[in-house]
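Shown below: data_33.txt, with compact mmCIF, C-alpha atoms.
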```
# COMPACT_ATOMS: atom_id res chain seq x y z
CA MET Y 1 243.74 186.51 221.75
CA LEU Y 2 241.34 183.59 222.01
CA THR Y 3 238.22 183.79 224.12
CA ARG Y 4 236.66 180.72 225.71
CA ARG Y 5 234.03 180.77 222.96
CA HIS Y 6 236.74 180.68 220.30
CA ILE Y 7 238.30 177.72 222.10
CA ARG Y 8 234.98 175.86 222.21
CA VAL Y 9 234.49 176.43 218.48
CA LYS Y 10 237.99 175.15 217.69
CA VAL Y 11 237.40 172.04 219.82
CA LEU Y 12 234.04 171.53 218.06
CA GLN Y 13 235.79 171.70 214.69
CA SER Y 14 238.47 169.26 215.83
CA LEU Y 15 235.89 166.82 217.15
CA TYR Y 16 233.97 167.04 213.90
CA ALA Y 17 237.15 166.09 212.01
CA PHE Y 18 237.85 163.31 214.52
CA TYR Y 19 234.42 161.70 214.19
CA GLN Y 20 234.51 162.01 210.40
CA SER Y 21 237.84 160.22 210.14
CA GLU Y 22 238.67 156.62 210.94
CA ASP Y 23 241.79 157.60 212.86
CA SER Y 24 241.28 157.33 216.63
CA ASP Y 25 244.72 158.66 217.56
CA LEU Y 26 244.09 161.19 220.36
CA GLU Y 27 247.60 162.63 220.26
CA LYS Y 28 247.23 163.29 216.55
CA GLN Y 29 243.96 165.09 217.16
CA GLU Y 30 245.50 167.22 219.89
CA LYS Y 31 248.23 168.28 217.46
CA PHE Y 32 245.56 169.16 214.90
CA LEU Y 33 243.75 171.30 217.49
CA ASN Y 34 246.96 173.16 218.39
CA TYR Y 35 247.77 173.65 214.71
CA SER Y 36 244.27 174.91 213.97
CA ILE Y 37 244.43 177.43 216.80
CA ALA Y 38 247.84 178.66 215.63
CA GLN Y 39 246.43 179.17 212.12
CA MET Y 40 243.75 181.42 213.60
CA GLN Y 41 246.42 183.68 215.08
CA ASP Y 42 248.17 183.80 211.69
CA LEU Y 43 244.93 184.97 210.08
CA ASN Y 44 244.46 187.61 212.75
CA ALA Y 45 247.92 189.02 212.06
CA LEU Y 46 247.45 188.83 208.30
CA LEU Y 47 244.18 190.78 208.35
CA LEU Y 48 245.73 193.49 210.50
CA GLN Y 49 248.56 193.66 208.00
CA LEU Y 50 245.98 194.03 205.22
CA LEU Y 51 244.86 197.38 206.65
CA VAL Y 52 248.44 198.65 206.44
CA ALA Y 53 248.82 197.22 202.94
CA LEU Y 54 245.71 199.11 201.84
CA ARG Y 55 247.10 202.37 203.20
CA ASP Y 56 250.41 201.78 201.43
CA HIS Y 57 248.60 200.95 198.21
CA ALA Y 58 246.69 204.22 198.52
CA SER Y 59 250.00 206.05 198.91
CA ASN Y 60 251.36 204.51 195.70
CA TYR Y 61 248.10 205.33 193.93
CA LEU Y 62 248.33 208.99 194.91
CA GLN Y 63 251.95 209.24 193.80
CA LYS Y 64 251.11 207.81 190.38
CA SER Y 65 248.11 210.14 190.06
CA GLN Y 66 250.26 213.17 190.77
CA LYS Y 67 252.63 212.19 187.95
CA LYS Y 68 249.92 212.03 185.30
CA PHE Y 69 250.59 214.31 182.34
CA LEU Y 70 247.07 215.73 182.59
CA ALA Y 71 246.59 215.43 186.32
CA THR Y 72 243.64 217.31 187.74
CA ASP Y 73 244.00 219.83 190.58
CA LEU Y 74 242.59 217.21 192.95
CA GLU Y 75 245.14 214.66 191.78
CA LYS Y 76 247.97 217.20 192.11
CA ASN Y 77 246.94 218.08 195.68
CA PRO Y 78 245.22 214.93 197.01
CA SER Y 79 243.90 214.40 200.51
CA LYS Y 80 246.30 212.41 202.69
CA ALA Y 81 243.67 211.53 205.29
CA PHE Y 82 243.92 207.79 204.62
CA LEU Y 83 247.70 207.89 204.56
CA ASP Y 84 247.78 209.75 207.87
CA ASN Y 85 245.16 207.56 209.59
CA LYS Y 86 246.27 207.33 213.22
CA VAL Y 87 244.82 203.85 213.85
CA ILE Y 88 246.55 202.29 210.86
CA ALA Y 89 249.77 204.03 211.92
CA LEU Y 90 249.53 202.30 215.31
CA ILE Y 91 249.06 198.94 213.57
CA ALA Y 92 252.01 199.56 211.25
CA GLU Y 93 254.25 200.51 214.19
CA HIS Y 94 253.21 197.62 216.46
CA GLU Y 95 256.45 195.79 217.26
CA ASP Y 96 254.91 192.49 218.39
CA LEU Y 97 252.82 192.30 215.23
CA ALA Y 98 255.80 193.11 213.01
CA THR Y 99 257.92 190.46 214.75
CA TYR Y 100 255.16 187.86 214.47
CA LEU Y 101 254.66 188.54 210.76
CA LYS Y 102 258.40 188.32 210.13
CA ASN Y 103 258.88 185.10 212.12
CA LYS Y 104 255.92 183.43 210.43
CA LYS Y 105 256.96 184.77 207.00
CA LEU Y 106 253.50 186.20 206.43
CA ASN Y 107 254.05 188.54 203.52
CA ASN Y 108 250.95 187.61 201.50
CA TRP Y 109 250.01 191.15 200.54
CA LYS Y 110 253.33 191.67 198.80
CA SER Y 111 253.24 188.41 196.88
CA ASP Y 112 249.49 188.61 196.22
CA ASP Y 113 249.08 192.37 195.96
CA GLU Y 114 246.29 192.08 193.38
CA TYR Y 115 243.90 191.46 196.27
CA VAL Y 116 245.00 194.68 197.94
CA SER Y 117 244.36 196.53 194.68
CA LEU Y 118 240.95 194.88 194.36
CA LEU Y 119 239.92 195.94 197.86
CA PHE Y 120 241.21 199.47 197.33
CA ASN Y 121 239.13 199.78 194.18
CA GLU Y 122 236.09 198.65 196.17
CA LEU Y 123 236.86 201.23 198.83
CA LYS Y 124 237.00 204.05 196.27
CA LYS Y 125 233.43 203.31 195.16
CA ASN Y 126 232.01 204.41 198.52
CA GLU Y 127 230.71 207.92 199.13
CA TRP Y 128 231.74 207.71 202.77
CA TYR Y 129 235.37 207.26 201.63
CA ASP Y 130 235.15 210.49 199.63
CA ALA Y 131 233.56 212.24 202.60
CA TYR Y 132 236.40 211.05 204.84
CA LEU Y 133 239.01 212.38 202.41
CA GLU Y 134 237.24 215.74 202.15
CA GLN Y 135 237.12 216.24 205.91
CA ALA Y 136 239.81 218.77 206.83
CA VAL Y 137 240.70 217.54 210.32
CA HIS Y 138 240.41 214.05 211.79
CA SER Y 139 240.42 213.08 215.44
CA PHE Y 140 241.57 209.64 216.60
CA GLU Y 141 237.90 208.68 216.94
CA ASP Y 142 237.23 209.79 213.34
CA ASP Y 143 240.10 207.65 212.11
CA LYS Y 144 238.94 204.70 214.18
CA ALA Y 145 235.38 204.95 212.87
CA PHE Y 146 236.76 204.99 209.32
CA VAL Y 147 238.90 201.88 209.88
CA VAL Y 148 236.00 200.00 211.48
CA ARG Y 149 233.79 200.86 208.51
CA LEU Y 150 236.53 199.94 206.05
CA TYR Y 151 236.90 196.56 207.68
CA LYS Y 152 233.21 195.89 208.17
CA GLU Y 153 231.95 197.04 204.76
CA VAL Y 154 234.87 196.42 202.40
CA ILE Y 155 237.19 193.73 203.78
CA ALA Y 156 234.97 191.33 205.73
CA PRO Y 157 232.24 190.82 203.08
CA ASN Y 158 234.54 190.57 200.04
CA ASP Y 159 233.93 187.27 198.23
CA LYS Y 160 237.24 187.27 196.37
CA LEU Y 161 239.16 187.72 199.60
CA TYR Y 162 237.12 184.88 201.08
CA ASP Y 163 238.03 182.64 198.13
CA TYR Y 164 241.69 183.60 198.47
CA LEU Y 165 241.75 182.65 202.14
CA GLU Y 166 239.99 179.37 201.40
CA ASP Y 167 242.52 178.49 198.71
CA HIS Y 168 245.48 179.51 200.86
CA ARG Y 169 244.64 177.66 204.07
CA LEU Y 170 241.47 175.63 204.50
CA THR Y 171 241.19 176.22 208.25
CA TRP Y 172 240.99 179.99 207.71
CA ILE Y 173 237.44 179.81 206.35
CA ASP Y 174 236.13 178.53 209.67
CA ASP Y 175 238.25 181.11 211.48
CA PHE Y 176 237.29 184.10 209.34
CA PRO Y 177 234.01 184.99 211.15
CA LEU Y 178 235.65 184.57 214.56
CA VAL Y 179 238.65 186.70 213.63
CA ASN Y 180 236.45 189.36 212.04
CA THR Y 181 234.39 189.66 215.21
CA SER Y 182 237.49 189.77 217.38
CA LEU Y 183 239.22 192.42 215.26
CA LEU Y 184 236.18 194.66 215.12
CA LYS Y 185 235.76 194.39 218.88
CA MET Y 186 239.44 195.28 219.39
CA LEU Y 187 239.26 198.23 216.99
CA GLY Y 188 236.10 199.53 218.64
CA LYS Y 189 237.81 199.64 222.04
CA LEU Y 190 241.20 200.88 220.81
CA THR Y 191 242.71 204.04 222.26
CA GLN Y 192 246.08 205.68 221.63
CA LYS Y 193 247.14 204.78 225.17
CA LYS Y 194 246.22 201.12 224.69
CA ALA Y 195 247.97 200.46 221.39
CA LYS Y 196 249.48 197.25 222.81
CA ASN Y 197 245.98 195.72 222.65
CA ILE Y 198 246.18 195.67 218.85
CA PHE Y 199 247.98 192.34 218.79
CA ASN Y 200 249.30 189.84 221.29
CA SER Y 201 251.55 187.06 220.04
CA GLU Y 202 250.28 184.87 222.88
CA ILE Y 203 247.28 182.97 221.57
CA TYR Y 204 245.84 182.08 224.96
CA LYS Y 205 244.95 184.52 227.71
CA ASP Y 206 246.64 182.28 230.27
CA GLN Y 207 247.69 178.72 230.99
CA ASP Y 208 244.20 177.84 232.23
CA ASP Y 209 242.75 178.55 228.78
CA ARG Y 210 245.48 176.49 227.10
CA GLU Y 211 244.72 173.58 229.40
CA PHE Y 212 240.97 174.02 228.92
CA SER Y 213 241.27 173.52 225.16
CA LEU Y 214 243.11 170.22 225.46
CA GLN Y 215 241.10 168.92 228.40
CA LEU Y 216 237.78 169.64 226.69
CA LEU Y 217 238.91 167.68 223.62
CA ARG Y 218 240.24 164.80 225.74
CA LYS Y 219 237.21 164.53 228.01
CA VAL Y 220 234.79 164.20 225.08
CA ILE Y 221 236.90 161.67 223.17
CA LEU Y 222 237.91 159.54 226.16
CA ASN Y 223 234.41 159.49 227.65
CA ASP Y 224 232.46 159.31 224.40
CA ASP Y 225 230.50 156.16 225.25
CA LYS Y 226 229.56 157.45 228.72
CA ILE Y 227 228.46 160.84 227.40
CA ALA Y 228 226.49 159.25 224.56
CA LEU Y 229 224.55 157.19 227.12
CA GLU Y 230 223.55 160.38 228.91
CA ILE Y 231 221.96 161.61 225.67
CA ASP Y 232 220.07 158.33 225.07
CA GLY Y 233 216.45 158.52 226.11
CA LYS Y 234 216.40 162.30 226.26
CA THR Y 235 215.53 162.67 222.58
CA PRO Y 236 212.32 160.59 222.34
CA ASN Y 237 211.20 162.20 219.10
CA TRP Y 238 214.60 161.94 217.44
CA ASP Y 239 216.54 158.90 216.29
CA LYS Y 240 220.29 159.34 216.62
CA GLU Y 241 220.58 159.24 212.85
CA ARG Y 242 218.19 162.18 212.57
CA ILE Y 243 220.14 164.42 214.93
CA ALA Y 244 222.48 166.73 213.03
CA HIS Y 245 226.09 165.59 213.46
CA LEU Y 246 227.18 168.99 214.77
CA ASP Y 247 224.28 169.07 217.22
CA MET Y 248 225.35 165.72 218.67
CA ILE Y 249 228.91 166.99 219.16
CA ILE Y 250 227.64 170.21 220.76
CA LEU Y 251 225.54 168.14 223.18
CA LYS Y 252 228.58 166.03 224.05
CA LEU Y 253 230.65 169.15 224.68
CA GLY Y 254 227.98 170.60 226.97
CA ILE Y 255 227.63 167.38 228.96
CA ALA Y 256 231.40 167.06 229.24
CA GLU Y 257 231.53 170.53 230.81
CA PHE Y 258 228.74 169.61 233.23
CA LEU Y 259 230.60 166.50 234.38
CA TYR Y 260 234.29 167.32 234.19
CA PHE Y 261 234.71 171.07 234.58
CA PRO Y 262 233.52 171.96 238.10
CA SER Y 263 234.54 175.64 237.93
CA ILE Y 264 232.40 176.46 234.87
CA PRO Y 265 228.84 177.59 235.74
CA ILE Y 266 226.05 175.53 234.18
CA ARG Y 267 224.36 178.57 232.69
CA VAL Y 268 227.62 179.69 231.06
CA THR Y 269 228.01 176.28 229.42
CA ILE Y 270 224.44 176.27 228.10
CA ASN Y 271 224.57 179.86 226.83
CA GLU Y 272 227.90 179.32 225.09
CA TYR Y 273 226.75 176.25 223.19
CA LEU Y 274 223.42 177.80 222.28
CA GLU Y 275 225.26 180.70 220.65
CA ILE Y 276 227.63 178.31 218.88
CA ALA Y 277 224.68 176.27 217.61
CA LYS Y 278 223.02 179.40 216.22
CA GLU Y 279 226.18 180.24 214.31
CA TYR Y 280 227.27 176.84 213.07
CA SER Y 281 224.33 174.44 212.97
CA THR Y 282 220.75 174.38 211.70
CA PRO Y 283 218.16 177.15 212.39
CA LYS Y 284 216.31 175.04 214.99
CA SER Y 285 219.38 173.53 216.61
CA SER Y 286 219.63 175.98 219.50
CA ILE Y 287 216.06 175.23 220.63
CA PHE Y 288 216.69 171.49 220.41
CA ILE Y 289 220.02 171.69 222.24
CA ASN Y 290 218.61 173.97 224.94
CA GLY Y 291 215.85 171.46 225.70
CA ILE Y 292 218.20 168.50 225.90
CA LEU Y 293 220.80 170.25 228.05
CA ASP Y 294 218.11 171.54 230.42
CA ASN Y 295 216.81 167.99 230.85
CA VAL Y 296 220.33 166.69 231.43
CA VAL Y 297 220.95 169.31 234.13
CA LYS Y 298 217.70 168.40 235.92
CA GLU Y 299 218.58 164.72 235.86
CA PHE Y 300 222.18 165.28 236.97
CA THR Y 301 220.98 167.51 239.81
CA THR Y 302 218.52 164.87 241.01
CA GLU Y 303 221.14 162.12 240.77
CA GLY Y 304 223.88 164.21 242.38
CA LYS Y 305 226.16 163.98 239.35
CA LEU Y 306 226.92 167.68 239.18
CA ASN Y 307 230.11 168.59 240.98
CA LYS Y 308 230.22 172.35 240.65
CA VAL Y 309 232.37 174.35 243.06
CA GLY Y 310 232.19 178.01 243.98
CA ARG Y 311 229.28 180.40 244.30
CA GLY Y 312 226.78 180.98 241.50
CA LEU Y 313 227.86 177.95 239.48
CA THR Y 314 224.47 176.27 239.13
```

Please re-express this file's structure in structure tokens.
Amino acid sequence: MLTRRHIRVKVLQSLYAFYQSEDSDLEKQEKFLNYSIAQMQDLNALLLQLLVALRDHASNYLQKSQKKFLATDLEKNPSKAFLDNKVIALIAEHEDLATYLKNKKLNNWKSDDEYVSLLFNELKKNEWYDAYLEQAVHSFEDDKAFVVRLYKEVIAPNDKLYDYLEDHRLTWIDDFPLVNTSLLKMLGKLTQKKAKNIFNSEIYKDQDDREFSLQLLRKVILNDDKIALEIDGKTPNWDKERIAHLDMIILKLGIAEFLYFPSIPIRVTINEYLEIAKEYSTPKSSIFINGILDNVVKEFTTEGKLNKVGRGLT
């Protein structure tokens, strides 16, 4: 499920594409934003499915090992810890996830199973995998810790998987870090009683978030000239041409929230875009953006342009 930060990043990406193109069709850009967000949910489901595919691959591997003519005692009586992992079992049995994968025809790990094999071979190289297999009894927390480590140390950093995702759908490369963070957070909080939290086919938390994504895009595009004027004069040491393109869009997003989203606290807006700048722009961007947005807030406050409602919103 998308957080507000995810939404801001997706709008940033859409605006970047909008400003780079010569097509000023707002409706077309809104469709691109919705498409891009839907692709993120597909990636989320696919990476959850990858954990199950790895377990199933391990099962096939053990069966083949047992049938070797000169199988060792360990191969004849292998540990089934990975196969019996309780967290992966919950993922495999999740009805909403299974329905989503079926409806979207996301069966990549069957058609491209060489990537599953590649990741499994990487997993086998780790001493902590052997230690997990050797452990006689596993609690739910043990299984969860193993899955988190598997994802964090084997799946997320794998370059060949990254290349595969880039080749398959271009938008997934921008989504990969966001989805990784979201999945690891979900796995870390997962309990047997809250298995439904594994996957939600609804992309947005509620209708307010859905509306926020479209309104944020619209407000920046439709008020571009006005917002750009608010930035003029507040960057005395920087020509517009010298300001990183992403930084300019981040500034426009922040100012749009100041002016057109009265229920969002000023500090929330600033903190969100500072974190986004750290992740997506240049090393010094967050300092630059913080200074400009602080100056804008002071000026708007003096001029009475801020229209924030509710307590604690300034």

Task: For Asp224 of chain Y, the nearest of the candidates Y:Ser117, Y:Asn290, Y:Gln135, Y:Ser24, counting only C-alpha atoms - done: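 The answer is Y:Ser24, which sits nearest to Asp224 of chain Y.
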
Task: Neighbour list for Leu274 of chain Y as number ranges by chain, cut-off 8 Å, all atoms listed in the file, skip fewer than 2 positions in-chain - done: Y: 270-272, 276-278, 286-287, 289-290

Task: Near-Glu230 of chain Y list (12 Å; all atoms listed in the file; drop same-chain fewer than 3 positions) as a list in words - done: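 Here the answer would be Asn223, Asp224, Asp225, Lys226, Ile227, Gly233, Lys234, Thr235, Met248, Leu251, Lys252, Gly254, Ile255, Ala256, Phe258, Leu259, Ile292, Leu293, Asn295, Val296, Val297, Glu299, Phe300 and Lys305 of chain Y.
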
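Counting all atoms listed in the file and comparing Y:Ala98, Y:Phe176, Y:Asp163, Y:Leu183, the residue that lies closest to Val147 of chain Y is Y:Leu183.
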
Task: Nearest to Ile155 of chain Y by atom-to-atom distance, counting all atoms listed in the file, from Y:Met186, Y:Val9, Y:Leu214, Y:Val116 - done: Y:Val116

Task: Minimum-distance residue to Ser139 of chain Y, chosen among Y:Lys104, Y:Arg5, Y:Lys86, Y:Lys125 (using all atoms listed in the file) - done: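 The answer is Y:Lys86, which sits nearest to Ser139 of chain Y.
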
Open item on the list: Please list, as a list in words, the residues that have an atom at most 9 Å away from (248.4, 197.6, 198.8) in the coordinates of this file, counting only C-alpha atoms.
Closed with: Leu50, Leu51, Val52, Ala53, Leu54, Arg55, Asp56, His57, Ala58, Ser59, Asn60, Trp109, Lys110, Asp113, Glu114, Tyr115, Val116, Ser117, Leu119 and Phe120 of chain Y

Task: Two-atom distance - atom CA of Asp232 of chain Y, atom CA of Leu246 of chain Y (Å) - done: 16.4 Å
